Amino acid sequence: MTGTTKKTGGGVLPQKEKGFVSIRVRAPAGVLTAEQMEAVAAVSRRFGRGDVALTLRLNAEVPWVRREDVPAAVEALEHAGLAVGSTGATVRSVVACKGTFCRHGIVDTQALARAVEESVGGRALPRKLKIAIAGCPNNCARVRFNDIGLMGEAYPVFDPETCTLCGACARVCREGGVAVVDDRVCFSADACIGCGDCIAICPAGAVTAETEGVVVYLGGMAGRHIRTGVRAAGPLAPGDLPAFVGGVIDYFACHAEKGERFGNMMDRIGEEEVVSDLTRPVPGRSSGEHGQYRSPDVSRR
């Protein structure tokens with residue numbers, strides 16, 4: 001059965017009703033197969049009250065399970081190829097928008113989420129760490145409110161020789177960054193946010209991606225205390241992200257105090273110092289190689 005994750009422990013959450021718990025099932029990249037969904041439903045009918053709740057991180061929870069039934073319920077879920085977890089001081093389930101098949105998606109968000117999950121999913125840390133992936137600047141996954149946020153961006157270049165001046169790019173641009181004026185296309189790099197819509201819509205292929213990849217935000221968190229993540233690196237190639245994220249988490253594991261979120265660690269050490277530590281070139285490597293990181297460019301286009 002596809003879509004499984006490694007067993008990480010945890011995943012059993014006490015309810016306010018005495019004697020009952022909810023069991024959290026990890027859904028890799030927010031996706032379960034039909035067979036896995038049927039298995040979750042069967043566990044809910046057998047051990048709960050027939051309800052399945054969906055969490056904000058796209059996992060599934062079976063509530064109203066009696067404590068004495070937890071071992072049998074977990075065994076049934078694991079037999080179906082499911083993992084119980086995404087709780088406690090660990091790397092929580094990676095949230096991915098539907099950029100894999102959304103018409104706005106610049107990167108394959110679900111494939112990237114699975115790759116990151118395979119690399120660091122469920123790792124024990126000084127405090128919980130949340131990762132979110134958005135396929136484009138529409139930012140449905142709210143990446144800047146996660147400890148590590150990843151967002152696809154694509155910045156265009158226009159070929160005047162191929163352009164037919166149809167104006168499709170200007171009509172699709174919601175930032176006012178493209179206009180057809182005096183029989184030529186005018187593009188404002190300052191207005192562009194890298195959504196890539198003009199690239200996707202051009203019928204003549206006159207708009208291509210000059211820069212495309214995934215940018216990294218660090219230190220965001222929501223909840224009781226809001227902190228907006230800072231842009232730290234990118235655009236990076238999607239294939240380089242698991243190693244980059246792994247390095248960021250290594251840094252967090254080494255430098256964070258117990259109970260300290262990533263953003264709190266950045267406030268204590270200093271945002272600029274943390275970003276510099278994570279993107280500093282490594283002596284002896286060629287230009288463009290930054291340790292296990294790929295030539296980060298922290299400047300916004």
# chains A, B, ... in the order shown; residues from 1 in each chain; ligands from 1
$ closest_atom_pairs --of "stretch 86-115 of chain A" --to "stretch 24-28 of chain A" --cutoff "8 Å" --atoms "only C-alpha atoms" --output "JSON lines"
{"residue": "A:Ser86", "atom": "CA", "partner": "A:Arg26", "partner_atom": "CA", "distance": 6.5}
{"residue": "A:Ser93", "atom": "CA", "partner": "A:Arg26", "partner_atom": "CA", "distance": 6.7}
{"residue": "A:Val94", "atom": "CA", "partner": "A:Pro28", "partner_atom": "CA", "distance": 7.3}
{"residue": "A:Ala113", "atom": "CA", "partner": "A:Pro28", "partner_atom": "CA", "distance": 7.4}
{"residue": "A:Arg114", "atom": "CA", "partner": "A:Pro28", "partner_atom": "CA", "distance": 6.2}
$ write_last_selection --atoms "N, CA and C atoms" --output "PDB file, in the first residue's frame"
ATOM      1  N   SER A  86       2.961  12.505  14.785  1.00  0.00           N
ATOM      2  CA  SER A  86       2.872  13.955  14.567  1.00  0.00           C
ATOM      3  C   SER A  86       2.402  14.679  15.819  1.00  0.00           C
ATOM      4  N   SER A  93       4.116  16.573  10.888  1.00  0.00           N
ATOM      5  CA  SER A  93       3.801  16.246   9.497  1.00  0.00           C
ATOM      6  C   SER A  93       3.952  17.469   8.599  1.00  0.00           C
ATOM      7  N   VAL A  94       4.599  17.270   7.467  1.00  0.00           N
ATOM      8  CA  VAL A  94       4.812  18.360   6.519  1.00  0.00           C
ATOM      9  C   VAL A  94       3.498  18.674   5.813  1.00  0.00           C
ATOM     10  N   ALA A 113       7.117  17.299  -0.270  1.00  0.00           N
ATOM     11  CA  ALA A 113       6.735  16.987   1.116  1.00  0.00           C
ATOM     12  C   ALA A 113       7.126  15.571   1.481  1.00  0.00           C
ATOM     13  N   ARG A 114       6.900  14.629   0.582  1.00  0.00           N
ATOM     14  CA  ARG A 114       7.259  13.238   0.865  1.00  0.00           C
ATOM     15  C   ARG A 114       8.774  13.087   1.010  1.00  0.00           C
TER      16      ARG A 114
END
$ residues_around --residues "A:Val185" --least-positions-apart "6" --cutoff "8 Å" --atoms "only C-alpha atoms" --output "VMD selection string"
chain A and resid 158 160 165 178 to 179
$ closest_residue --among "A:Val214, A:Ala29, A:Ala42, A:Ile193" --to "A:Asn138" --atoms "only C-alpha atoms"
A:Ile193
$ residues_around --residues "stretch 97-112 of chain A" --least-positions-apart "3" --cutoff "6 Å" --atoms "only C-alpha atoms" --output "PyMOL selection string"
chain A and resi 29+115+134-136+141+152
$ write_last_selection --atoms "all heavy atoms" --output "PDB file, in the first residue's frame"
ATOM      1  N   ALA A  29       2.109  14.234   3.013  1.00  0.00           N
ATOM      2  CA  ALA A  29       1.760  15.273   2.039  1.00  0.00           C
ATOM      3  C   ALA A  29       0.262  15.541   2.004  1.00  0.00           C
ATOM      4  O   ALA A  29      -0.261  16.065   1.025  1.00  0.00           O
ATOM      5  CB  ALA A  29       2.259  14.909   0.645  1.00  0.00           C
ATOM      6  N   ALA A 115       9.539  13.800   0.176  1.00  0.00           N
ATOM      7  CA  ALA A 115      10.992  13.712   0.263  1.00  0.00           C
ATOM      8  C   ALA A 115      11.494  14.267   1.597  1.00  0.00           C
ATOM      9  O   ALA A 115      12.393  13.694   2.221  1.00  0.00           O
ATOM     10  CB  ALA A 115      11.634  14.473  -0.906  1.00  0.00           C
ATOM     11  N   ALA A 134       4.228  25.702  -0.030  1.00  0.00           N
ATOM     12  CA  ALA A 134       3.260  26.319  -0.939  1.00  0.00           C
ATOM     13  C   ALA A 134       3.824  26.242  -2.350  1.00  0.00           C
ATOM     14  O   ALA A 134       4.997  26.552  -2.572  1.00  0.00           O
ATOM     15  CB  ALA A 134       2.994  27.775  -0.552  1.00  0.00           C
ATOM     16  N   GLY A 135       2.994  25.872  -3.293  1.00  0.00           N
ATOM     17  CA  GLY A 135       3.463  25.708  -4.660  1.00  0.00           C
ATOM     18  C   GLY A 135       3.674  26.995  -5.405  1.00  0.00           C
ATOM     19  O   GLY A 135       4.310  27.012  -6.461  1.00  0.00           O
ATOM     20  N   CYS A 136       3.167  28.110  -4.865  1.00  0.00           N
ATOM     21  CA  CYS A 136       3.288  29.400  -5.536  1.00  0.00           C
ATOM     22  C   CYS A 136       3.042  30.512  -4.520  1.00  0.00           C
ATOM     23  O   CYS A 136       2.641  30.236  -3.379  1.00  0.00           O
ATOM     24  CB  CYS A 136       2.296  29.495  -6.695  1.00  0.00           C
ATOM     25  SG  CYS A 136       0.574  29.745  -6.161  1.00  0.00           S
ATOM     26  N   ALA A 141      -0.657  27.509   1.900  1.00  0.00           N
ATOM     27  CA  ALA A 141      -0.163  26.773   3.060  1.00  0.00           C
ATOM     28  C   ALA A 141       0.333  27.685   4.178  1.00  0.00           C
ATOM     29  O   ALA A 141       0.787  27.189   5.217  1.00  0.00           O
ATOM     30  CB  ALA A 141       0.956  25.815   2.643  1.00  0.00           C
ATOM     31  N   GLY A 152       7.246  27.911  -3.843  1.00  0.00           N
ATOM     32  CA  GLY A 152       7.678  27.945  -5.231  1.00  0.00           C
ATOM     33  C   GLY A 152       7.538  29.334  -5.817  1.00  0.00           C
ATOM     34  O   GLY A 152       6.535  30.025  -5.580  1.00  0.00           O
TER      35      GLY A 152
END
$ closest_residue --among "A:Thr208, A:Ala73, A:Ala89, A:Glu17" --to "A:Ala41" --atoms "only C-alpha atoms"
A:Ala73
$ residues_around --residues "A:Asp69" --least-positions-apart "6" --cutoff "10 Å" --atoms "only C-alpha atoms" --output "number ranges by chain"
A: 20-21, 46-48
$ closest_residue --among "A:Tyr217, A:Phe244, A:Trp64, A:Tyr155" --to "A:Ser22" --atoms "only C-alpha atoms"
A:Trp64
$ select_by_dssp --residues "stretch 101-263 of chain A" --states "strand (DSSP E)" --output "ChimeraX atom specification"
/A:131-134,148-158,178-181,184-187,207-218,230-236
$ residues_around --residues "stretch 246-251 of chain A" --least-positions-apart "5" --cutoff "10 Å" --atoms "only C-alpha atoms" --output "list in words"
Val91, Val116, Ser119, Val120, Arg123, Leu125, Leu129, Asp147, Ile148, Leu218, Leu241, Ala256, Phe262, Val274, Val275, Asp277, Leu278, Thr279, Gly291, Gln292 and Tyr293 of chain A
$ select_by_dssp --residues "stretch 30-255 of chain A" --states "helix (DSSP H, G or I)" --output "MDAnalysis selection string"
chainID A and resid 30 34:47 67:79 109:120 143:145 168:172 197:201 238:255
$ residues_around --residues "A:Ile199" --least-positions-apart "6" --cutoff "8 Å" --atoms "only C-alpha atoms" --output "ChimeraX atom specification"
/A:156,169,205,207-209
$ atom_distance --atom1 "atom CA of A:Ile201" --atom2 "atom CA of A:Val157"
13.5 Å
$ closest_residue --among "A:Gly11, A:Pro242, A:Gly234, A:Gly176" --to "A:Asp190" --atoms "only C-alpha atoms"
A:Gly176
$ closest_residue --among "A:Ala132, A:Val180, A:Ile226, A:Arg127" --to "A:Glu257" --atoms "only C-alpha atoms"
A:Arg127
$ closest_residue --among "A:Asp197, A:Asp159, A:Asp183, A:Glu260" --to "A:Arg171" --atoms "only C-alpha atoms"
A:Asp197
$ atom_distance --atom1 "atom CA of A:Phe145" --atom2 "atom CA of A:Phe252"
17.0 Å
